[in-house]
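Pasted below: data-v2.cif, mmCIF, C-alpha atoms.
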```cif
data_data
#
loop_
_atom_site.label_atom_id
_atom_site.label_comp_id
_atom_site.auth_asym_id
_atom_site.auth_seq_id
_atom_site.Cartn_x
_atom_site.Cartn_y
_atom_site.Cartn_z
CA MET A 1 9.94 12.26 39.94
CA VAL A 2 6.66 13.82 41.00
CA VAL A 3 3.67 11.50 41.29
CA THR A 4 0.75 13.43 39.87
CA GLN A 5 -2.91 12.89 40.65
CA GLU A 6 -3.41 10.89 37.44
CA ASN A 7 -1.13 8.20 38.87
CA VAL A 8 -2.89 7.68 42.19
CA ALA A 9 -4.74 4.36 42.35
CA VAL A 10 -8.48 4.59 42.94
CA ASN A 11 -10.99 2.30 44.58
CA GLY A 12 -8.69 1.24 47.38
CA ASN A 13 -5.65 -0.70 46.27
CA ARG A 14 -6.54 -1.02 42.58
CA ARG A 15 -3.46 -0.62 40.43
CA LEU A 16 -3.39 1.12 37.10
CA SER A 17 -3.64 -1.11 34.04
CA PRO A 18 -1.11 -1.07 31.18
CA GLN A 19 -3.72 0.71 29.03
CA GLU A 20 -4.22 3.45 31.63
CA ILE A 21 -0.46 4.01 31.88
CA ALA A 22 -0.16 4.06 28.08
CA ASP A 23 -3.00 6.60 27.91
CA ALA A 24 -1.29 8.82 30.50
CA LEU A 25 1.99 8.79 28.57
CA ARG A 26 0.14 9.28 25.28
CA ASP A 27 -1.49 12.41 26.72
CA ARG A 28 1.95 13.80 27.65
CA ILE A 29 3.19 13.19 24.11
CA ARG A 30 0.13 14.84 22.55
CA SER A 31 0.32 17.83 24.89
CA GLY A 32 3.99 18.41 24.07
CA ASP A 33 5.29 17.62 27.56
CA LEU A 34 7.21 14.82 25.86
CA LYS A 35 8.60 15.79 22.45
CA ALA A 36 10.06 13.83 19.55
CA GLY A 37 13.56 12.65 20.47
CA ASP A 38 13.03 12.90 24.25
CA ARG A 39 13.92 9.85 26.32
CA LEU A 40 11.32 8.38 28.61
CA PRO A 41 12.26 7.63 32.21
CA THR A 42 13.55 4.14 32.89
CA GLN A 43 11.08 1.30 33.44
CA ALA A 44 12.01 1.33 37.12
CA GLU A 45 11.26 5.05 37.39
CA LEU A 46 7.94 4.65 35.58
CA ALA A 47 7.01 1.68 37.75
CA ASP A 48 7.74 3.75 40.85
CA GLU A 49 5.81 6.75 39.54
CA PHE A 50 2.70 4.77 38.64
CA GLY A 51 2.92 2.35 41.56
CA VAL A 52 2.98 -0.80 39.40
CA GLU A 53 5.28 -3.67 38.50
CA ARG A 54 7.80 -3.31 35.69
CA GLY A 55 5.91 -5.90 33.65
CA THR A 56 2.92 -3.56 33.57
CA VAL A 57 5.14 -0.72 32.38
CA ARG A 58 6.59 -2.93 29.65
CA GLN A 59 3.09 -3.73 28.38
CA ALA A 60 2.25 -0.03 28.31
CA LEU A 61 5.43 0.79 26.39
CA ARG A 62 4.70 -2.01 23.93
CA ALA A 63 1.27 -0.48 23.24
CA LEU A 64 2.84 2.92 22.57
CA GLN A 65 5.40 1.32 20.28
CA GLU A 66 2.63 -0.40 18.30
CA ASP A 67 1.03 3.01 17.84
CA GLY A 68 4.30 4.31 16.40
CA LEU A 69 4.88 6.73 19.30
CA LEU A 70 8.12 5.21 20.63
CA SER A 71 11.40 4.19 19.08
CA ASN A 72 14.43 2.33 20.41
CA VAL A 73 12.33 0.16 22.73
CA SER A 74 14.73 -2.32 24.32
CA LYS A 75 15.84 -3.58 27.71
CA GLY A 76 19.16 -1.78 27.39
CA SER A 77 18.03 1.84 27.42
CA PRO A 78 14.86 3.89 27.82
CA PRO A 79 12.94 4.43 24.57
CA ARG A 80 12.70 7.76 22.82
CA ILE A 81 9.61 9.55 21.61
CA ALA A 82 9.39 8.76 17.91
CA GLU A 83 9.35 11.28 15.12
CA VAL A 84 5.73 11.30 14.02
CA PRO A 85 5.53 11.04 10.21
CA GLN A 86 3.68 13.79 8.45
CA PRO A 87 0.11 12.67 7.74
CA ARG A 88 -0.67 11.71 4.19
CA ASP A 89 -3.32 13.47 2.19
CA GLU A 90 -6.83 12.15 2.48
CA PRO A 91 -7.59 9.11 0.29
CA GLN A 92 -7.97 10.13 -3.34
CA PRO A 93 -9.16 8.41 -6.53
CA PRO A 94 -6.44 6.10 -7.87
CA MET A 95 -5.96 8.24 -10.99
CA VAL A 96 -5.08 11.18 -8.71
CA GLY A 97 -3.37 9.57 -5.75
CA LEU A 98 -1.02 7.04 -7.35
CA ALA A 99 1.19 9.32 -9.47
CA PRO A 100 2.74 11.36 -6.61
CA ARG A 101 3.37 8.19 -4.61
CA LEU A 102 5.17 6.64 -7.58
CA ALA A 103 7.19 9.82 -8.09
CA GLU A 104 8.42 9.62 -4.51
CA ALA A 105 9.16 5.89 -4.84
CA PHE A 106 11.21 6.50 -8.02
CA ALA A 107 13.52 8.83 -6.09
CA ALA A 108 15.08 5.71 -4.52
CA PRO A 109 18.24 4.28 -6.15
CA HIS A 110 16.60 0.90 -6.73
CA VAL A 111 12.89 1.04 -7.52
CA ARG A 112 10.58 -1.91 -6.99
CA VAL A 113 6.90 -1.71 -7.97
CA ASP A 114 4.53 -4.67 -7.64
CA ALA A 115 0.94 -4.39 -8.84
CA ALA A 116 -2.10 -6.68 -8.93
CA CYS A 117 -4.96 -5.28 -10.96
CA LEU A 118 -7.60 -5.94 -13.60
CA THR A 119 -5.78 -3.91 -16.25
CA ALA A 120 -2.64 -1.77 -16.18
CA GLU A 121 -4.48 1.46 -17.07
CA THR A 122 -4.08 3.31 -13.76
CA LEU A 123 -0.46 2.25 -13.35
CA MET A 124 0.34 3.08 -16.99
CA LEU A 125 -1.01 6.63 -16.62
CA ALA A 126 0.48 7.22 -13.16
CA LEU A 127 3.95 6.18 -14.31
CA GLY A 128 3.96 9.18 -16.62
CA GLU A 129 4.87 11.42 -13.65
CA PRO A 130 8.08 9.66 -12.51
CA VAL A 131 9.11 9.09 -16.16
CA ARG A 132 8.72 12.84 -16.76
CA LEU A 133 10.85 13.63 -13.69
CA ILE A 134 13.55 11.27 -14.95
CA HIS A 135 13.58 12.95 -18.36
CA GLU A 136 13.83 16.34 -16.63
CA GLY A 137 16.84 15.12 -14.64
CA ARG A 138 15.16 15.65 -11.28
CA ILE A 139 15.40 11.99 -10.24
CA ARG A 140 17.75 9.27 -11.46
CA PRO A 141 17.20 5.70 -10.19
CA GLU A 142 19.84 3.12 -11.01
CA SER A 143 17.35 0.30 -11.56
CA ILE A 144 13.60 -0.19 -11.97
CA ASP A 145 11.92 -3.56 -11.42
CA VAL A 146 8.17 -3.71 -12.11
CA ARG A 147 6.11 -6.88 -11.61
CA ILE A 148 2.46 -6.90 -12.65
CA LEU A 149 -0.22 -9.50 -12.00
CA LEU A 150 -3.15 -9.40 -14.46
CA PRO A 151 -6.01 -11.87 -14.96
CA SER A 152 -5.41 -14.67 -17.43
CA ARG A 153 -7.18 -14.39 -20.78
CA ASP A 154 -8.46 -17.96 -20.33
CA ILE A 155 -10.60 -17.48 -17.20
CA ASN A 156 -14.23 -16.42 -16.87
CA LEU A 157 -13.88 -12.98 -15.33
CA ALA A 158 -16.20 -11.95 -12.50
CA PHE A 159 -16.18 -8.49 -14.14
CA PRO A 160 -16.49 -7.01 -16.68
CA VAL A 161 -19.32 -9.28 -17.86
CA PRO A 162 -22.35 -8.77 -20.14
CA VAL A 163 -25.54 -7.86 -18.28
CA GLU A 164 -27.39 -10.58 -20.19
CA GLY A 165 -24.77 -13.21 -19.44
CA ARG A 166 -21.95 -14.70 -21.48
CA GLY A 167 -22.55 -16.14 -24.93
CA GLU A 168 -20.36 -17.74 -27.54
CA ASP A 169 -19.39 -14.31 -28.83
CA ASP A 170 -18.29 -12.43 -25.71
CA SER A 171 -17.49 -8.93 -26.94
CA VAL A 172 -17.13 -7.66 -23.37
CA HIS A 173 -14.30 -10.11 -22.73
CA GLU A 174 -12.66 -9.24 -26.06
CA ARG A 175 -12.81 -5.55 -25.18
CA TRP A 176 -11.17 -6.17 -21.76
CA LEU A 177 -8.46 -8.36 -23.30
CA ALA A 178 -7.61 -5.77 -25.95
CA GLN A 179 -7.34 -3.07 -23.28
CA ARG A 180 -5.26 -5.29 -20.97
CA ASN A 181 -2.77 -6.04 -23.74
CA ALA A 182 -2.57 -2.51 -25.18
CA GLN A 183 -2.05 -0.86 -21.80
CA GLY A 184 0.57 -3.41 -20.82
CA HIS A 185 2.49 -2.81 -24.06
CA VAL A 186 2.47 0.97 -23.56
CA LEU A 187 3.59 0.67 -19.93
CA ARG A 188 6.46 -1.65 -20.81
CA HIS A 189 7.54 0.51 -23.76
CA ASN A 190 7.61 3.71 -21.70
CA LEU A 191 9.78 2.12 -19.01
CA HIS A 192 12.06 0.21 -21.38
CA SER A 193 12.75 3.47 -23.25
CA LEU A 194 14.61 4.65 -20.14
CA ARG A 195 17.30 2.08 -20.87
CA SER A 196 18.45 3.78 -24.06
CA SER A 197 17.74 7.37 -23.01
CA HIS A 198 19.22 7.26 -19.50
CA GLY A 199 21.05 3.95 -19.13
CA ILE A 200 18.73 2.77 -16.35
CA ASP A 201 18.50 -0.98 -15.72
CA VAL A 202 14.78 -1.65 -16.34
CA ARG A 203 12.85 -4.89 -16.01
CA VAL A 204 9.08 -5.24 -16.53
CA THR A 205 7.48 -8.66 -16.01
CA PHE A 206 3.87 -9.82 -16.27
CA ARG A 207 2.24 -12.93 -14.83
CA ALA A 208 -1.32 -14.22 -15.24
CA LEU A 209 -3.73 -14.58 -12.34
CA PRO A 210 -6.22 -17.47 -12.34
CA PHE A 211 -8.90 -15.24 -10.80
CA THR A 212 -10.38 -11.74 -10.98
CA PRO A 213 -8.72 -9.45 -8.41
CA PRO A 214 -11.36 -7.67 -6.26
CA VAL A 215 -8.98 -4.77 -5.54
CA LYS A 216 -6.12 -2.84 -7.05
CA LEU A 217 -2.96 -3.33 -5.01
CA TYR A 218 0.28 -1.42 -5.51
CA LEU A 219 3.43 -2.14 -3.48
CA LEU A 220 6.20 0.46 -3.65
CA ASN A 221 9.77 -0.40 -2.66
CA GLU A 222 8.44 -2.94 -0.13
CA SER A 223 7.71 0.01 2.17
CA GLU A 224 4.26 1.21 1.12
CA ALA A 225 1.04 -0.53 0.11
CA LEU A 226 -1.77 1.25 -1.70
CA ILE A 227 -5.13 -0.43 -2.11
CA SER A 228 -8.35 0.51 -3.86
CA TYR A 229 -11.58 -1.47 -4.16
CA TYR A 230 -13.08 -2.14 -7.55
CA MET A 231 -16.57 -0.62 -7.55
CA ILE A 232 -18.92 -2.51 -9.86
CA THR A 233 -21.56 -0.65 -11.83
CA LYS A 234 -23.88 -1.25 -14.76
CA ARG A 235 -22.93 0.79 -17.81
CA GLU A 236 -22.87 0.95 -21.60
CA GLU A 237 -19.97 1.51 -23.97
CA GLU A 238 -19.56 1.61 -27.73
CA TRP A 239 -17.12 -1.04 -28.88
CA ASP A 240 -16.38 -2.28 -32.40
CA SER A 241 -19.63 -0.86 -33.86
CA GLU A 242 -21.87 -2.28 -31.13
CA THR A 243 -23.22 -1.10 -27.81
CA LEU A 244 -22.00 -3.24 -24.92
CA GLU A 245 -24.18 -3.35 -21.80
CA MET A 246 -22.03 -4.67 -18.98
CA TYR A 247 -21.25 -4.85 -15.31
CA ASP A 248 -17.87 -3.16 -15.10
CA THR A 249 -15.63 -1.22 -12.74
CA LEU A 250 -15.87 2.51 -12.22
CA GLY A 251 -12.47 3.87 -11.24
CA SER A 252 -13.69 7.31 -10.21
CA ALA A 253 -16.00 5.81 -7.59
CA SER A 254 -13.19 4.27 -5.50
CA LEU A 255 -10.49 5.70 -3.22
CA LEU A 256 -6.83 4.77 -2.87
CA PHE A 257 -5.70 4.07 0.69
CA SER A 258 -2.02 4.19 1.68
CA PHE A 259 -0.24 2.14 4.36
CA GLU A 260 3.42 2.85 5.18
CA LYS A 261 5.89 0.87 7.25
CA ARG A 262 7.14 4.01 8.97
CA ALA A 263 3.64 4.94 10.16
CA GLY A 264 3.61 2.36 12.97
CA GLN A 265 3.32 -1.34 13.60
CA ARG A 266 -0.22 -1.67 12.28
CA ASP A 267 0.64 -0.14 8.90
CA ALA A 268 3.94 -2.02 8.79
CA ALA A 269 2.14 -5.33 9.31
CA PHE A 270 -0.28 -4.52 6.49
CA VAL A 271 2.58 -3.70 4.10
CA GLU A 272 4.49 -6.85 5.03
CA GLU A 273 1.47 -9.15 4.73
CA SER A 274 0.47 -7.57 1.40
CA GLN A 275 3.99 -8.14 0.08
CA LYS A 276 3.95 -11.76 1.26
CA TRP A 277 0.56 -12.26 -0.43
CA PHE A 278 1.84 -10.83 -3.71
CA ASN A 279 5.07 -12.85 -3.60
CA ALA A 280 3.16 -16.07 -2.87
CA LEU A 281 0.90 -15.52 -5.89
CA TRP A 282 3.86 -14.64 -8.10
CA GLU A 283 5.78 -17.78 -7.13
CA THR A 284 2.95 -20.34 -7.05
CA ILE A 285 -0.40 -20.30 -8.88
CA THR A 286 0.28 -17.60 -11.48
CA THR A 287 1.67 -18.37 -14.95
CA ASP A 288 3.74 -16.62 -17.58
CA LEU A 289 1.80 -13.94 -19.40
CA THR A 290 2.62 -12.93 -22.96
CA LEU A 291 0.87 -9.81 -24.19
CA SER A 292 -0.53 -10.46 -27.68
#
```

How does the structure come out when it is put into structure tokens?
Amino acid sequence: MVVTQENVAVNGNRRLSPQEIADALRDRIRSGDLKAGDRLPTQAELADEFGVERGTVRQALRALQEDGLLSNVSKGSPPRIAEVPQPRDEPQPPMVGLAPRLAEAFAAPHVRVDAACLTAETLMLALGEPVRLIHEGRIRPESIDVRILLPSRDINLAFPVPVEGRGEDDSVHERWLAQRNAQGHVLRHNLHSLRSSHGIDVRVTFRALPFTPPVKLYLLNESEALISYYMITKREEEWDSETLEMYDTLGSASLLFSFEKRAGQRDAAFVEESQKWFNALWETITTDLTLS
């Protein structure tokens, strides 16, 4: 193997660092000299080429693996250049970005959707797309399991809240509760209807959070996490013959960010930790939620 100029140590006997070796290999991948599916040289060959110990090469390969650029990294055989997943679209508002992600998730035989949110509005609307595809016969999952965490009716929400503060008659809270319950009923009905129309095993379960979630979190088939921050704004709304002035969320002002396990170790860790966080809440401090 030819030792190129990039591999020659500088400043006397200084050896290349793992990061410098990783950068050199990364440049070869980006330039197309190393293509998806190609095997790298052995660790011994790389150590000889770069004039370093094998331990340094292993650290460099580990860094490339964490970036999702290598697959099959083991002591038994040289790793291959990984297939780079196609980049996702730029972050979009949740009302726009969630539906196509759900449609793709519902193409799996066994669908699992976990959500933590203030209300089920975004999820309810976005589920219309995969439900439509099922009715059209374009996808046909065998089972659908949806778990949703919503704030308890008994807590003092951080938002929405009246601008002037809470009183004995909290119309803002009543408005939120009515929306939470109505949207949850519609979501559950639309999914349960797939049992009779298509024979799909469907389960929809709600549990009550003892706090106000600061973000919307959606977990799809334990392989993708989508997160969007709740943006708080001051606004007015007509409700039950009165004008409510409140601090509330503005869905159109936020963006939905996607993290996928297949996109590399960093994304995979985010998905796994998000799933652990959701499961811990579901199994510990949350309570049964009955929609009134």

Quiz prompt | Surrounding residues of A:Thr56 excluding itself and chain neighbours under 6 positions, 9 Å, only C-alpha atoms, as a list of chain:residue names | solution =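 Counting only the stated atoms, we get A:Leu16, A:Ser17, A:Pro18, A:Ile21, A:Ala47.
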
Practice problem: Take atom CA of A:Gly199 and atom CA of A:Leu289 and report the distance between them in Å, one decimal. | Solution: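 According to the coordinates, atom CA of A:Gly199 and atom CA of A:Leu289 are separated by 26.3 Å.
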
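From atom CA of A:Pro210 back to atom CA of A:Thr287, the distance works out to 8.4 Å.
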
Self-check item: Shell around stretch 172-177 of chain A at 7 Å using all atoms listed in the file, local window under 4 positions removed, as a VMD selection string
Solution: chain A and resid 153 160 to 162 181 244

Quiz item: What separation in Å, quoted to one decimal, exists between atom CA of A:Cys117 and atom CA of A:Leu194?
Solution: 23.8 Å

Practice problem: Write out as a PyMOL selection string which residues come within 10 Å of A:Ile232 when counting all atoms listed in the file, dropping same-chain ones fewer than 4 positions away. | Solution: chain A and resi 159-160+214+246-251+253-254

Near A:Asp145, within 9 Å and counting only C-alpha atoms, which residues show up once chain neighbours fewer than 2 positions away are dropped, as a CSV table (one decimal) with C-alpha atoms, keeping the file's coordinate frame?
```csv
chain,number,residue,atom,x,y,z
A,110,HIS,CA,16.6,0.9,-6.7
A,111,VAL,CA,12.9,1.0,-7.5
A,112,ARG,CA,10.6,-1.9,-7.0
A,113,VAL,CA,6.9,-1.7,-8.0
A,114,ASP,CA,4.5,-4.7,-7.6
A,143,SER,CA,17.4,0.3,-11.6
A,147,ARG,CA,6.1,-6.9,-11.6
A,201,ASP,CA,18.5,-1.0,-15.7
A,202,VAL,CA,14.8,-1.6,-16.3
A,203,ARG,CA,12.8,-4.9,-16.0
A,204,VAL,CA,9.1,-5.2,-16.5
A,205,THR,CA,7.5,-8.7,-16.0
```

Self-check item: Chain and number of each residue from the PyMOL selection byres ((chain A and resi 148) around 7), as an MDAnalysis selection string
Solution: chainID A and resid 114:116 146:147 149:150 205:207

Going by the chain IDs and residue numbers used in this file, which residues fall under the PyMOL selection byres ((chain A and resi 102) around 9)? Write them as a JSON list (two decimals) with C-alpha atoms, in the frame of the given file.
```
[["chain", "number", "residue", "atom", "x", "y", "z"],
["A", 98, "LEU", "CA", -1.02, 7.04, -7.35],
["A", 99, "ALA", "CA", 1.19, 9.32, -9.47],
["A", 100, "PRO", "CA", 2.74, 11.36, -6.61],
["A", 101, "ARG", "CA", 3.37, 8.19, -4.61],
["A", 103, "ALA", "CA", 7.19, 9.82, -8.09],
["A", 104, "GLU", "CA", 8.42, 9.62, -4.51],
["A", 105, "ALA", "CA", 9.16, 5.89, -4.84],
["A", 106, "PHE", "CA", 11.21, 6.50, -8.02],
["A", 107, "ALA", "CA", 13.52, 8.83, -6.09],
["A", 113, "VAL", "CA", 6.90, -1.71, -7.97],
["A", 126, "ALA", "CA", 0.48, 7.22, -13.16],
["A", 127, "LEU", "CA", 3.95, 6.18, -14.31],
["A", 129, "GLU", "CA", 4.87, 11.42, -13.65],
["A", 130, "PRO", "CA", 8.08, 9.66, -12.51],
["A", 220, "LEU", "CA", 6.20, 0.46, -3.65]]
```

Exercise. Please provide as number ranges by chain all residues within 10 Å of A:Val186, with the sequence filter that same-chain residues fewer than 3 positions apart are discarded (counting all atoms listed in the file).
Key: A: 120-121, 124-125, 181-183, 189-192

Self-check item: Result set, the PyMOL selection byres ((chain A and resi 57) around 8) on current file, as a PyMOL selection string
Solution: chain A and resi 18+21+43+46-47+52-56+58-61

If you take only C-alpha atoms and a cut-off of 9 Å, which residues of stretch 187-243 of chain A touch stretch 258-266 of chain A, and what are their nearest atom pairs and distances in Å to one decimal, in chain and number order, as a Markdown table?
```
| residue | atom | partner | partner_atom | distance |
| --- | --- | --- | --- | --- |
| A:Glu222 | CA | A:Lys261 | CA | 8.7 |
| A:Ser223 | CA | A:Lys261 | CA | 5.5 |
| A:Glu224 | CA | A:Glu260 | CA | 4.5 |
| A:Ala225 | CA | A:Phe259 | CA | 5.2 |
| A:Leu226 | CA | A:Ser258 | CA | 4.5 |
| A:Ile227 | CA | A:Ser258 | CA | 6.7 |
```

Practice problem: Identify which of the residues A:Gln65, A:Thr212, A:Ser228, A:Ser197 lies closest to A:Val131, counting all atoms listed in the file when measuring atom-to-atom distances. | Solution: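 Among the listed residues, A:Ser197 lies closest to A:Val131.
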
Practice problem: Would you mind telling me which residue in A:Gln179, A:Gln92, A:Ser77, A:Gln275 lies nearest to A:Asn221 when using only C-alpha atoms? | Solution: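 Checking each candidate against A:Asn221, we get A:Gln275 as the closest.
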
Write out N, CA and C atoms for stretch 159-191 of chain A, as a CSV table (one decimal), in the coordinates of the input.
```
chain,number,residue,atom,x,y,z
A,159,PHE,N,-15.8,-9.8,-13.5
A,159,PHE,CA,-16.2,-8.5,-14.1
A,159,PHE,C,-15.0,-8.1,-15.0
A,160,PRO,N,-15.2,-7.4,-16.1
A,160,PRO,CA,-16.5,-7.0,-16.7
A,160,PRO,C,-17.2,-8.2,-17.3
A,161,VAL,N,-18.5,-8.2,-17.3
A,161,VAL,CA,-19.3,-9.3,-17.9
A,161,VAL,C,-20.6,-8.7,-18.5
A,162,PRO,N,-21.1,-9.3,-19.5
A,162,PRO,CA,-22.4,-8.8,-20.1
A,162,PRO,C,-23.5,-8.8,-19.1
A,163,VAL,N,-24.4,-7.9,-19.2
A,163,VAL,CA,-25.5,-7.9,-18.3
A,163,VAL,C,-26.4,-9.1,-18.6
A,164,GLU,N,-26.5,-9.5,-19.8
A,164,GLU,CA,-27.4,-10.6,-20.2
A,164,GLU,C,-26.7,-11.9,-20.1
A,165,GLY,N,-25.5,-11.9,-19.6
A,165,GLY,CA,-24.8,-13.2,-19.4
A,165,GLY,C,-23.9,-13.5,-20.6
A,166,ARG,N,-22.9,-14.4,-20.4
A,166,ARG,CA,-22.0,-14.7,-21.5
A,166,ARG,C,-22.6,-15.6,-22.6
A,167,GLY,N,-22.1,-15.3,-23.8
A,167,GLY,CA,-22.6,-16.1,-24.9
A,167,GLY,C,-21.3,-16.6,-25.6
A,168,GLU,N,-21.5,-17.2,-26.8
A,168,GLU,CA,-20.4,-17.7,-27.5
A,168,GLU,C,-19.5,-16.6,-28.0
A,169,ASP,N,-20.1,-15.5,-28.4
A,169,ASP,CA,-19.4,-14.3,-28.8
A,169,ASP,C,-19.4,-13.3,-27.7
A,170,ASP,N,-18.4,-13.3,-26.9
A,170,ASP,CA,-18.3,-12.4,-25.7
A,170,ASP,C,-17.5,-11.2,-26.0
A,171,SER,N,-18.2,-10.2,-26.6
A,171,SER,CA,-17.5,-8.9,-26.9
A,171,SER,C,-16.9,-8.2,-25.7
A,172,VAL,N,-17.6,-8.3,-24.6
A,172,VAL,CA,-17.1,-7.7,-23.4
A,172,VAL,C,-15.8,-8.2,-23.0
A,173,HIS,N,-15.6,-9.5,-23.1
A,173,HIS,CA,-14.3,-10.1,-22.7
A,173,HIS,C,-13.2,-9.7,-23.8
A,174,GLU,N,-13.6,-9.6,-25.0
A,174,GLU,CA,-12.7,-9.2,-26.1
A,174,GLU,C,-12.2,-7.8,-25.8
A,175,ARG,N,-13.2,-6.9,-25.5
A,175,ARG,CA,-12.8,-5.6,-25.2
A,175,ARG,C,-11.8,-5.5,-24.0
A,176,TRP,N,-12.1,-6.2,-22.9
A,176,TRP,CA,-11.2,-6.2,-21.8
A,176,TRP,C,-9.8,-6.7,-22.2
A,177,LEU,N,-9.7,-7.8,-22.9
A,177,LEU,CA,-8.5,-8.4,-23.3
A,177,LEU,C,-7.7,-7.4,-24.2
A,178,ALA,N,-8.3,-6.7,-25.1
A,178,ALA,CA,-7.6,-5.8,-26.0
A,178,ALA,C,-7.0,-4.6,-25.1
A,179,GLN,N,-7.8,-4.2,-24.1
A,179,GLN,CA,-7.3,-3.1,-23.3
A,179,GLN,C,-6.2,-3.6,-22.4
A,180,ARG,N,-6.3,-4.7,-21.8
A,180,ARG,CA,-5.3,-5.3,-21.0
A,180,ARG,C,-3.9,-5.3,-21.7
A,181,ASN,N,-4.0,-5.9,-23.0
A,181,ASN,CA,-2.8,-6.0,-23.7
A,181,ASN,C,-2.2,-4.7,-24.2
A,182,ALA,N,-3.0,-3.8,-24.7
A,182,ALA,CA,-2.6,-2.5,-25.2
A,182,ALA,C,-1.9,-1.7,-24.1
A,183,GLN,N,-2.6,-1.6,-22.9
A,183,GLN,CA,-2.0,-0.9,-21.8
A,183,GLN,C,-0.7,-1.4,-21.3
A,184,GLY,N,-0.7,-2.8,-21.3
A,184,GLY,CA,0.6,-3.4,-20.8
A,184,GLY,C,1.7,-3.1,-21.8
A,185,HIS,N,1.5,-3.1,-23.1
A,185,HIS,CA,2.5,-2.8,-24.1
A,185,HIS,C,3.0,-1.4,-23.9
A,186,VAL,N,2.1,-0.4,-23.7
A,186,VAL,CA,2.5,1.0,-23.6
A,186,VAL,C,3.3,1.2,-22.3
A,187,LEU,N,2.9,0.6,-21.2
A,187,LEU,CA,3.6,0.7,-19.9
A,187,LEU,C,5.0,0.1,-20.1
A,188,ARG,N,5.1,-1.0,-20.7
A,188,ARG,CA,6.5,-1.6,-20.8
A,188,ARG,C,7.3,-0.8,-21.7
A,189,HIS,N,6.8,-0.3,-22.8
A,189,HIS,CA,7.5,0.5,-23.8
A,189,HIS,C,8.1,1.8,-23.1
A,190,ASN,N,7.2,2.5,-22.3
A,190,ASN,CA,7.6,3.7,-21.7
A,190,ASN,C,8.7,3.5,-20.7
A,191,LEU,N,8.7,2.4,-20.0
A,191,LEU,CA,9.8,2.1,-19.0
A,191,LEU,C,11.0,1.6,-19.7
```
